[in-house]
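Pasted below: run-v5.csv, CSV, C-alpha atoms.
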chain,number,residue,atom,x,y,z
A,496,GLU,CA,-10.9,-9.3,14.9
A,497,ALA,CA,-10.1,-9.4,11.2
A,498,GLN,CA,-6.5,-8.5,10.8
A,499,VAL,CA,-3.1,-9.0,9.2
A,500,THR,CA,-0.3,-9.8,11.6
A,501,GLN,CA,3.4,-9.6,11.1
A,502,ASN,CA,6.2,-10.8,13.3
A,503,PRO,CA,8.6,-9.5,14.4
A,504,ARG,CA,7.7,-5.8,14.4
A,505,TYR,CA,11.3,-4.7,14.8
A,506,LEU,CA,14.4,-6.6,13.9
A,507,ILE,CA,18.1,-5.7,13.9
A,508,THR,CA,20.4,-8.2,12.3
A,509,VAL,CA,23.7,-8.5,10.6
A,510,THR,CA,24.7,-9.0,7.0
A,511,GLY,CA,24.3,-12.5,5.8
A,512,LYS,CA,22.2,-13.9,8.7
A,513,LYS,CA,19.1,-15.5,7.3
A,514,LEU,CA,15.8,-14.3,8.6
A,515,THR,CA,12.1,-14.8,8.1
A,516,VAL,CA,9.3,-12.3,8.6
A,517,THR,CA,6.0,-14.0,9.1
A,518,CYS,CA,2.7,-12.7,7.9
A,519,SER,CA,-0.7,-14.2,8.7
A,520,GLN,CA,-4.3,-13.1,7.9
A,521,ASN,CA,-7.5,-14.4,9.4
A,522,MET,CA,-9.9,-13.2,6.7
A,523,ASN,CA,-9.6,-16.1,4.3
A,524,HIS,CA,-8.2,-13.8,1.7
A,525,GLU,CA,-6.8,-15.4,-1.5
A,526,TYR,CA,-4.4,-12.6,-2.4
A,527,MET,CA,-1.4,-11.6,-0.3
A,528,SER,CA,1.6,-9.5,-1.0
A,529,TRP,CA,4.8,-7.9,0.5
A,530,TYR,CA,5.9,-4.3,0.1
A,531,ARG,CA,8.8,-2.4,1.3
A,532,GLN,CA,8.5,1.3,2.1
A,533,ASP,CA,11.5,3.6,1.8
A,534,PRO,CA,11.6,7.4,2.2
A,535,GLY,CA,11.0,9.1,-1.1
A,536,LEU,CA,10.2,5.9,-2.9
A,537,GLY,CA,6.8,5.1,-1.4
A,538,LEU,CA,5.6,1.5,-1.5
A,539,ARG,CA,7.2,-1.0,-3.8
A,540,GLN,CA,5.9,-4.5,-4.2
A,541,ILE,CA,8.3,-7.3,-3.5
A,542,TYR,CA,6.3,-10.5,-4.2
A,543,TYR,CA,2.6,-11.4,-4.4
A,544,SER,CA,0.6,-14.5,-4.2
A,545,MET,CA,-2.8,-15.0,-6.0
A,546,ASN,CA,-3.5,-18.2,-4.0
A,547,VAL,CA,-1.9,-21.2,-2.3
A,548,GLU,CA,1.2,-22.3,-4.1
A,549,VAL,CA,0.9,-19.4,-6.6
A,550,THR,CA,3.5,-16.7,-6.1
A,551,ASP,CA,5.1,-14.1,-8.5
A,552,LYS,CA,7.6,-11.4,-8.5
A,553,GLY,CA,6.7,-7.8,-7.9
A,554,ASP,CA,8.8,-4.7,-8.7
A,555,VAL,CA,11.8,-5.4,-6.4
A,556,PRO,CA,12.1,-9.2,-5.8
A,557,GLU,CA,15.9,-9.4,-5.7
A,558,GLY,CA,17.2,-10.8,-2.4
A,559,TYR,CA,13.9,-12.0,-1.2
A,560,LYS,CA,12.0,-15.3,-1.3
A,561,VAL,CA,8.4,-16.1,-0.3
A,562,SER,CA,6.3,-19.2,0.0
A,563,ARG,CA,2.5,-19.8,0.2
A,564,LYS,CA,1.9,-23.3,1.6
A,565,GLU,CA,-1.2,-22.3,3.4
A,566,LYS,CA,-3.9,-19.7,2.6
A,567,ARG,CA,-3.4,-17.7,5.8
A,568,ASN,CA,0.4,-17.4,5.8
A,569,PHE,CA,2.9,-15.7,3.5
A,570,PRO,CA,6.3,-15.5,5.0
A,571,LEU,CA,9.1,-13.3,3.6
A,572,ILE,CA,12.5,-14.8,3.6
A,573,LEU,CA,15.8,-13.0,3.3
A,574,GLU,CA,18.4,-15.7,2.7
A,575,SER,CA,21.4,-13.4,3.0
A,576,PRO,CA,20.3,-9.9,4.2
A,577,SER,CA,22.3,-6.9,3.1
A,578,PRO,CA,22.3,-3.3,4.4
A,579,ASN,CA,20.3,-2.1,1.4
A,580,GLN,CA,17.4,-4.3,2.6
A,581,THR,CA,17.1,-2.0,5.7
A,582,SER,CA,13.5,-0.9,5.3
A,583,LEU,CA,10.0,-0.9,6.6
A,584,TYR,CA,8.1,-4.0,5.3
A,585,PHE,CA,4.4,-4.4,5.0
A,586,CYS,CA,2.4,-7.5,4.3
A,587,ALA,CA,-1.1,-7.0,2.8
A,588,SER,CA,-4.0,-9.2,1.8
A,589,SER,CA,-7.1,-8.9,-0.3
A,590,PRO,CA,-10.3,-10.9,-0.8
A,591,SER,CA,-9.5,-12.1,-4.3
A,592,GLY,CA,-6.7,-11.7,-6.7
A,593,ILE,CA,-7.9,-13.7,-9.7
A,594,GLY,CA,-10.2,-12.7,-12.5
A,595,GLY,CA,-12.1,-9.7,-13.5
A,596,GLY,CA,-13.9,-7.7,-10.8
A,597,SER,CA,-11.4,-8.5,-8.2
A,598,SER,CA,-9.0,-5.7,-8.8
A,599,TYR,CA,-11.3,-3.2,-7.0
A,600,ASN,CA,-10.8,-4.9,-3.8
A,601,GLU,CA,-8.9,-2.9,-1.2
A,602,GLN,CA,-5.8,-4.3,0.4
A,603,PHE,CA,-5.6,-4.8,4.2
A,604,PHE,CA,-2.2,-4.1,5.6
A,605,GLY,CA,-0.3,-5.5,8.5
A,606,PRO,CA,1.3,-3.2,11.1
A,607,GLY,CA,4.8,-3.3,9.5
A,608,THR,CA,8.2,-4.7,10.3
A,609,ARG,CA,11.1,-2.4,10.7
A,610,LEU,CA,14.2,-4.2,9.6
A,611,THR,CA,17.8,-2.9,10.1
A,612,VAL,CA,20.6,-4.8,8.6
A,613,LEU,CA,24.0,-3.9,9.9
B,639,ALA,CA,3.7,-0.5,-17.4
B,640,GLN,CA,1.4,1.7,-15.4
B,641,SER,CA,2.8,4.4,-13.2
B,642,VAL,CA,1.4,6.7,-10.5
B,643,SER,CA,2.6,10.2,-9.9
B,644,GLN,CA,1.9,12.2,-6.7
B,645,HIS,CA,3.1,15.7,-7.4
B,646,ASN,CA,3.2,17.0,-3.8
B,647,HIS,CA,5.7,15.2,-1.7
B,648,HIS,CA,5.4,17.4,1.3
B,649,VAL,CA,2.4,19.6,2.2
B,650,ILE,CA,2.2,21.8,5.3
B,651,LEU,CA,-1.1,23.4,6.2
B,652,SER,CA,-2.8,25.1,9.1
B,653,GLU,CA,-6.0,23.7,10.6
B,654,ALA,CA,-9.1,24.6,8.7
B,655,ALA,CA,-7.2,25.0,5.4
B,656,SER,CA,-8.5,23.2,2.4
B,657,LEU,CA,-6.5,20.3,1.0
B,658,GLU,CA,-6.0,18.9,-2.5
B,659,LEU,CA,-3.4,16.2,-3.2
B,660,GLY,CA,-2.7,15.4,-6.8
B,661,CYS,CA,-2.5,11.9,-8.3
B,662,ASN,CA,-2.0,11.1,-11.9
B,663,TYR,CA,-1.6,7.7,-13.5
B,664,SER,CA,-0.3,6.6,-16.9
B,665,TYR,CA,-2.4,3.6,-17.9
B,666,GLY,CA,-4.8,4.2,-20.7
B,667,GLY,CA,-7.3,1.4,-20.0
B,668,THR,CA,-9.9,1.0,-17.4
B,669,VAL,CA,-8.6,1.4,-13.9
B,670,ASN,CA,-9.6,1.1,-10.3
B,671,LEU,CA,-8.3,3.8,-8.0
B,672,PHE,CA,-7.5,4.1,-4.3
B,673,TRP,CA,-6.3,6.5,-1.7
B,674,TYR,CA,-4.7,5.0,1.4
B,675,VAL,CA,-3.6,6.9,4.5
B,676,GLN,CA,-0.8,6.0,6.9
B,677,TYR,CA,-0.9,7.8,10.3
B,678,PRO,CA,2.4,8.1,12.1
B,679,GLY,CA,3.6,4.8,13.3
B,680,GLN,CA,0.6,2.9,11.9
B,681,HIS,CA,-0.1,0.7,8.9
B,682,LEU,CA,-1.9,1.8,5.7
B,683,GLN,CA,-5.7,2.1,5.8
B,684,LEU,CA,-8.1,2.6,2.9
B,685,LEU,CA,-9.5,6.2,2.7
B,686,LEU,CA,-11.6,5.7,-0.4
B,687,LYS,CA,-11.8,3.9,-3.7
B,688,TYR,CA,-13.3,4.2,-7.1
B,689,PHE,CA,-14.1,1.5,-9.6
B,690,SER,CA,-17.2,2.6,-11.4
B,691,GLY,CA,-20.2,5.0,-11.3
B,692,ASP,CA,-20.1,8.5,-9.9
B,693,PRO,CA,-16.6,9.9,-10.4
B,694,LEU,CA,-16.9,11.8,-7.2
B,695,VAL,CA,-16.1,9.4,-4.4
B,696,LYS,CA,-16.6,10.1,-0.7
B,697,GLY,CA,-14.5,8.4,1.8
B,698,ILE,CA,-14.0,8.3,5.6
B,699,LYS,CA,-13.2,11.3,7.7
B,700,GLY,CA,-14.6,13.9,5.3
B,701,PHE,CA,-12.2,13.1,2.4
B,702,GLU,CA,-13.4,12.9,-1.2
B,703,ALA,CA,-11.7,12.3,-4.5
B,704,GLU,CA,-12.7,13.0,-8.1
B,705,PHE,CA,-11.8,10.7,-11.0
B,706,ILE,CA,-11.3,12.7,-14.2
B,707,LYS,CA,-10.7,10.2,-16.9
B,708,SER,CA,-9.6,12.7,-19.5
B,709,LYS,CA,-6.9,14.0,-17.2
B,710,PHE,CA,-5.9,10.5,-15.9
B,711,SER,CA,-6.3,12.0,-12.4
B,712,PHE,CA,-7.7,11.1,-9.1
B,713,ASN,CA,-7.1,14.0,-6.8
B,714,LEU,CA,-7.9,13.8,-3.1
B,715,ARG,CA,-9.6,16.7,-1.4
B,716,LYS,CA,-10.8,17.8,2.0
B,717,PRO,CA,-12.5,21.2,2.6
B,718,SER,CA,-11.1,21.7,6.1
B,719,VAL,CA,-8.2,19.7,7.5
B,720,GLN,CA,-7.6,18.9,11.2
B,721,TRP,CA,-4.4,18.3,13.1
B,722,SER,CA,-5.4,14.6,13.2
B,723,ASP,CA,-5.1,14.5,9.4
B,724,THR,CA,-1.3,14.6,9.7
B,725,ALA,CA,-0.2,11.5,7.9
B,726,GLU,CA,1.2,10.1,4.7
B,727,TYR,CA,-1.2,9.6,1.8
B,728,PHE,CA,-0.7,7.1,-1.0
B,729,CYS,CA,-2.6,6.9,-4.3
B,730,ALA,CA,-2.8,3.5,-5.9
B,731,VAL,CA,-4.0,2.2,-9.2
B,732,ASN,CA,-5.1,-1.2,-10.5
B,733,ARG,CA,-5.9,-2.2,-14.0
B,734,ALA,CA,-9.6,-3.3,-13.9
B,735,GLY,CA,-9.9,-7.0,-14.4
B,736,GLY,CA,-7.1,-9.5,-15.1
B,737,SER,CA,-4.3,-9.9,-12.7
B,738,TYR,CA,-4.2,-7.9,-9.6
B,739,ILE,CA,-1.0,-5.9,-9.4
B,740,PRO,CA,-1.5,-2.5,-7.8
B,741,THR,CA,0.9,0.3,-8.4
B,742,PHE,CA,1.4,2.9,-5.6
B,743,GLY,CA,2.5,6.4,-5.8
B,744,ARG,CA,5.5,7.6,-3.8
B,745,GLY,CA,3.3,9.2,-1.2
B,746,THR,CA,2.6,12.7,0.1
B,747,SER,CA,3.5,13.7,3.6
B,748,LEU,CA,0.9,16.1,5.1
B,749,ILE,CA,1.6,18.0,8.2
B,750,VAL,CA,-1.3,20.0,9.8
B,751,HIS,CA,-0.4,22.7,12.3
B,752,PRO,CA,-2.9,23.3,15.1
As structure tokens, please, write out the structure in this file.
Amino acid sequence: EAQVTQNPRYLITVTGKKLTVTCSQNMNHEYMSWYRQDPGLGLRQIYYSMNVEVTDKGDVPEGYKVSRKEKRNFPLILESPSPNQTSLYFCASSPSGIGGGSSYNEQFFGPGTRLTVL
Amino acid sequence: AQSVSQHNHHVILSEAASLELGCNYSYGGTVNLFWYVQYPGQHLQLLLKYFSGDPLVKGIKGFEAEFIKSKFSFNLRKPSVQWSDTAEYFCAVNRAGGSYIPTFGRGTSLIVHP
């Protein structure tokens, strides 16, 4: 089944304890991205990746890191989580992120990771 | 920078009522437009999209949206809502061509009473 998977789905942690949220897609998509969803603010993009080893900042990158060493995986890293990073996080992928004609491709979203930082 | 406005943050309807959710964007160039739906406890799914051709786009579950270029709008409609349409709805916009950086609206929460 074509899908985007995220782990863990729920995580409660404490301030300053490094954590990684994994994201994997099995659709051979080039483009992947991370969003956070907060009440009243909708979806805000954290980081995105056009392809392997190509990543760039979205609207709210502060406090986050990403890497794209393989096409299928795009982990989100919080080196020193803080309470303001408590949120619902979504990973998404899309068939192509480069060049004209690709921007009409829909994004496929993972199930979400609910993170609480105490 | 482009922005997306969804005017209705919360909408409450009874079953069989008609629905229209507003979406306006700020970018003046060619755009591609999307509506996503997020059912309670689930991830976002595509409802419909527009990138060229007929400005009236039909999506899944009886939804449709009309792109009005002169008004920078892409409003979502459904003639008769059902209780199962209770969800959060997001409008999203990409600039056509070039880098792929979508902008999402803040979302509209729809509650349909049976």
Residues within 6 Å of Thr500 in chain A, only C-alpha atoms, excluding chain neighbours under 5 positions, as a PyMOL selection string
chain A and resi 518-519+605
What residues in chain B have any atom no more than 9 Å from chain A when counting all atoms listed in the file, and can you write them as a PyMOL selection string?
chain B and resi 647+669-672+679-684+687-689+728+732-746
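With all atoms listed in the file as the atoms that count, the minimum distance from Val612 in chain A to the choices A:Asn502, A:Thr515, A:Thr508, A:Asn521 is reached by A:Thr508.
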Point-to-point distance from CA of Ser711 in chain B to CA of Gly660 in chain B, Å rounded to tenths:
7.5 Å
Pick from B:Val695, B:Leu748, B:Val731, B:Ile650: nearest to Phe710 in chain B, with all atoms listed in the file counted?
B:Val731
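Distances from B:Gln676, B:Ser652, B:Ser641, B:Ser664 to Glu726 in chain B were compared using all atoms listed in the file, and the smallest one belongs to B:Gln676.
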Here is a test: counting all atoms listed in the file, which residue of B:Gln644, B:Ala703, B:Tyr677, B:Ser708 is nearest to Tyr665 in chain B?
B:Ser708
Neighbours of Arg563 in chain A within 12 Å (only C-alpha atoms; same-chain residues fewer than 3 positions away dropped), as a JSON list (two decimals) with C-alpha atoms, in the frame of the given file?
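Saved file result.json follows:
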[["chain", "number", "residue", "atom", "x", "y", "z"],
["A", 517, "THR", "CA", 6.00, -14.00, 9.10],
["A", 518, "CYS", "CA", 2.70, -12.70, 7.90],
["A", 519, "SER", "CA", -0.70, -14.20, 8.70],
["A", 525, "GLU", "CA", -6.80, -15.40, -1.50],
["A", 526, "TYR", "CA", -4.40, -12.60, -2.40],
["A", 527, "MET", "CA", -1.40, -11.60, -0.30],
["A", 528, "SER", "CA", 1.60, -9.50, -1.00],
["A", 542, "TYR", "CA", 6.30, -10.50, -4.20],
["A", 543, "TYR", "CA", 2.60, -11.40, -4.40],
["A", 544, "SER", "CA", 0.60, -14.50, -4.20],
["A", 545, "MET", "CA", -2.80, -15.00, -6.00],
["A", 546, "ASN", "CA", -3.50, -18.20, -4.00],
["A", 547, "VAL", "CA", -1.90, -21.20, -2.30],
["A", 548, "GLU", "CA", 1.20, -22.30, -4.10],
["A", 549, "VAL", "CA", 0.90, -19.40, -6.60],
["A", 550, "THR", "CA", 3.50, -16.70, -6.10],
["A", 551, "ASP", "CA", 5.10, -14.10, -8.50],
["A", 560, "LYS", "CA", 12.00, -15.30, -1.30],
["A", 566, "LYS", "CA", -3.90, -19.70, 2.60],
["A", 567, "ARG", "CA", -3.40, -17.70, 5.80],
["A", 568, "ASN", "CA", 0.40, -17.40, 5.80],
["A", 569, "PHE", "CA", 2.90, -15.70, 3.50],
["A", 570, "PRO", "CA", 6.30, -15.50, 5.00],
["A", 571, "LEU", "CA", 9.10, -13.30, 3.60],
["A", 572, "ILE", "CA", 12.50, -14.80, 3.60]]
Can you work out the spacing between CA of Pro693 in chain B and CA of Phe712 in chain B in Å, to one decimal?
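Taking CA of Pro693 in chain B and CA of Phe712 in chain B, their separation equals 9.1 Å.
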Any chance you could export range 650-669 of chain B with N, CA, C and O atoms, as a PDB file, in the first residue's frame?
ATOM      1  N   ILE B 650     -20.862  25.822  11.393  1.00  0.00           N
ATOM      2  CA  ILE B 650     -21.748  24.800  11.943  1.00  0.00           C
ATOM      3  C   ILE B 650     -22.998  24.747  11.077  1.00  0.00           C
ATOM      4  O   ILE B 650     -23.652  25.778  10.862  1.00  0.00           O
ATOM      5  N   LEU B 651     -23.311  23.564  10.575  1.00  0.00           N
ATOM      6  CA  LEU B 651     -24.462  23.394   9.700  1.00  0.00           C
ATOM      7  C   LEU B 651     -25.269  22.189  10.130  1.00  0.00           C
ATOM      8  O   LEU B 651     -24.763  21.291  10.808  1.00  0.00           O
ATOM      9  N   SER B 652     -26.490  22.156   9.679  1.00  0.00           N
ATOM     10  CA  SER B 652     -27.324  20.965   9.830  1.00  0.00           C
ATOM     11  C   SER B 652     -27.210  20.135   8.564  1.00  0.00           C
ATOM     12  O   SER B 652     -26.907  20.665   7.487  1.00  0.00           O
ATOM     13  N   GLU B 653     -27.450  18.847   8.704  1.00  0.00           N
ATOM     14  CA  GLU B 653     -27.414  17.977   7.528  1.00  0.00           C
ATOM     15  C   GLU B 653     -28.354  18.508   6.454  1.00  0.00           C
ATOM     16  O   GLU B 653     -29.423  19.015   6.756  1.00  0.00           O
ATOM     17  N   ALA B 654     -27.926  18.343   5.203  1.00  0.00           N
ATOM     18  CA  ALA B 654     -28.662  18.752   4.003  1.00  0.00           C
ATOM     19  C   ALA B 654     -28.495  20.242   3.688  1.00  0.00           C
ATOM     20  O   ALA B 654     -28.940  20.695   2.630  1.00  0.00           O
ATOM     21  N   ALA B 655     -27.868  20.993   4.575  1.00  0.00           N
ATOM     22  CA  ALA B 655     -27.624  22.402   4.265  1.00  0.00           C
ATOM     23  C   ALA B 655     -26.540  22.498   3.199  1.00  0.00           C
ATOM     24  O   ALA B 655     -25.741  21.584   3.004  1.00  0.00           O
ATOM     25  N   SER B 656     -26.518  23.623   2.513  1.00  0.00           N
ATOM     26  CA  SER B 656     -25.471  23.842   1.513  1.00  0.00           C
ATOM     27  C   SER B 656     -24.252  24.473   2.177  1.00  0.00           C
ATOM     28  O   SER B 656     -24.362  25.189   3.172  1.00  0.00           O
ATOM     29  N   LEU B 657     -23.114  24.194   1.588  1.00  0.00           N
ATOM     30  CA  LEU B 657     -21.844  24.637   2.155  1.00  0.00           C
ATOM     31  C   LEU B 657     -21.066  25.467   1.131  1.00  0.00           C
ATOM     32  O   LEU B 657     -21.008  25.106  -0.054  1.00  0.00           O
ATOM     33  N   GLU B 658     -20.483  26.551   1.605  1.00  0.00           N
ATOM     34  CA  GLU B 658     -19.493  27.264   0.810  1.00  0.00           C
ATOM     35  C   GLU B 658     -18.420  27.774   1.746  1.00  0.00           C
ATOM     36  O   GLU B 658     -18.713  28.530   2.686  1.00  0.00           O
ATOM     37  N   LEU B 659     -17.200  27.363   1.513  1.00  0.00           N
ATOM     38  CA  LEU B 659     -16.055  27.812   2.310  1.00  0.00           C
ATOM     39  C   LEU B 659     -15.173  28.691   1.434  1.00  0.00           C
ATOM     40  O   LEU B 659     -14.797  28.304   0.338  1.00  0.00           O
ATOM     41  N   GLY B 660     -14.851  29.855   1.953  1.00  0.00           N
ATOM     42  CA  GLY B 660     -14.084  30.796   1.168  1.00  0.00           C
ATOM     43  C   GLY B 660     -12.584  30.581   1.254  1.00  0.00           C
ATOM     44  O   GLY B 660     -12.055  30.153   2.284  1.00  0.00           O
ATOM     45  N   CYS B 661     -11.904  30.847   0.146  1.00  0.00           N
ATOM     46  CA  CYS B 661     -10.443  30.801   0.095  1.00  0.00           C
ATOM     47  C   CYS B 661      -9.979  31.875  -0.870  1.00  0.00           C
ATOM     48  O   CYS B 661     -10.395  31.891  -2.032  1.00  0.00           O
ATOM     49  N   ASN B 662      -9.129  32.756  -0.394  1.00  0.00           N
ATOM     50  CA  ASN B 662      -8.524  33.776  -1.250  1.00  0.00           C
ATOM     51  C   ASN B 662      -7.011  33.720  -1.087  1.00  0.00           C
ATOM     52  O   ASN B 662      -6.502  33.427  -0.016  1.00  0.00           O
ATOM     53  N   TYR B 663      -6.310  34.021  -2.179  1.00  0.00           N
ATOM     54  CA  TYR B 663      -4.855  33.994  -2.122  1.00  0.00           C
ATOM     55  C   TYR B 663      -4.324  35.314  -2.637  1.00  0.00           C
ATOM     56  O   TYR B 663      -5.030  36.074  -3.310  1.00  0.00           O
ATOM     57  N   SER B 664      -3.061  35.574  -2.348  1.00  0.00           N
ATOM     58  CA  SER B 664      -2.525  36.903  -2.648  1.00  0.00           C
ATOM     59  C   SER B 664      -1.611  36.942  -3.858  1.00  0.00           C
ATOM     60  O   SER B 664      -1.316  38.010  -4.381  1.00  0.00           O
ATOM     61  N   TYR B 665      -1.136  35.832  -4.340  1.00  0.00           N
ATOM     62  CA  TYR B 665      -0.139  35.836  -5.413  1.00  0.00           C
ATOM     63  C   TYR B 665      -0.763  36.192  -6.756  1.00  0.00           C
ATOM     64  O   TYR B 665      -1.815  35.683  -7.113  1.00  0.00           O
ATOM     65  N   GLY B 666      -0.135  37.076  -7.506  1.00  0.00           N
ATOM     66  CA  GLY B 666      -0.710  37.556  -8.748  1.00  0.00           C
ATOM     67  C   GLY B 666      -0.402  36.736  -9.977  1.00  0.00           C
ATOM     68  O   GLY B 666      -0.996  36.950 -11.029  1.00  0.00           O
ATOM     69  N   GLY B 667       0.514  35.812  -9.891  1.00  0.00           N
ATOM     70  CA  GLY B 667       0.892  35.009 -11.041  1.00  0.00           C
ATOM     71  C   GLY B 667       0.027  33.768 -11.178  1.00  0.00           C
ATOM     72  O   GLY B 667      -1.019  33.635 -10.548  1.00  0.00           O
ATOM     73  N   THR B 668       0.491  32.853 -12.000  1.00  0.00           N
ATOM     74  CA  THR B 668      -0.237  31.606 -12.219  1.00  0.00           C
ATOM     75  C   THR B 668      -0.086  30.705 -11.006  1.00  0.00           C
ATOM     76  O   THR B 668       1.015  30.524 -10.487  1.00  0.00           O
ATOM     77  N   VAL B 669      -1.202  30.140 -10.570  1.00  0.00           N
ATOM     78  CA  VAL B 669      -1.181  29.328  -9.360  1.00  0.00           C
ATOM     79  C   VAL B 669      -1.838  27.981  -9.596  1.00  0.00           C
ATOM     80  O   VAL B 669      -2.608  27.800 -10.540  1.00  0.00           O
TER      81      VAL B 669
END
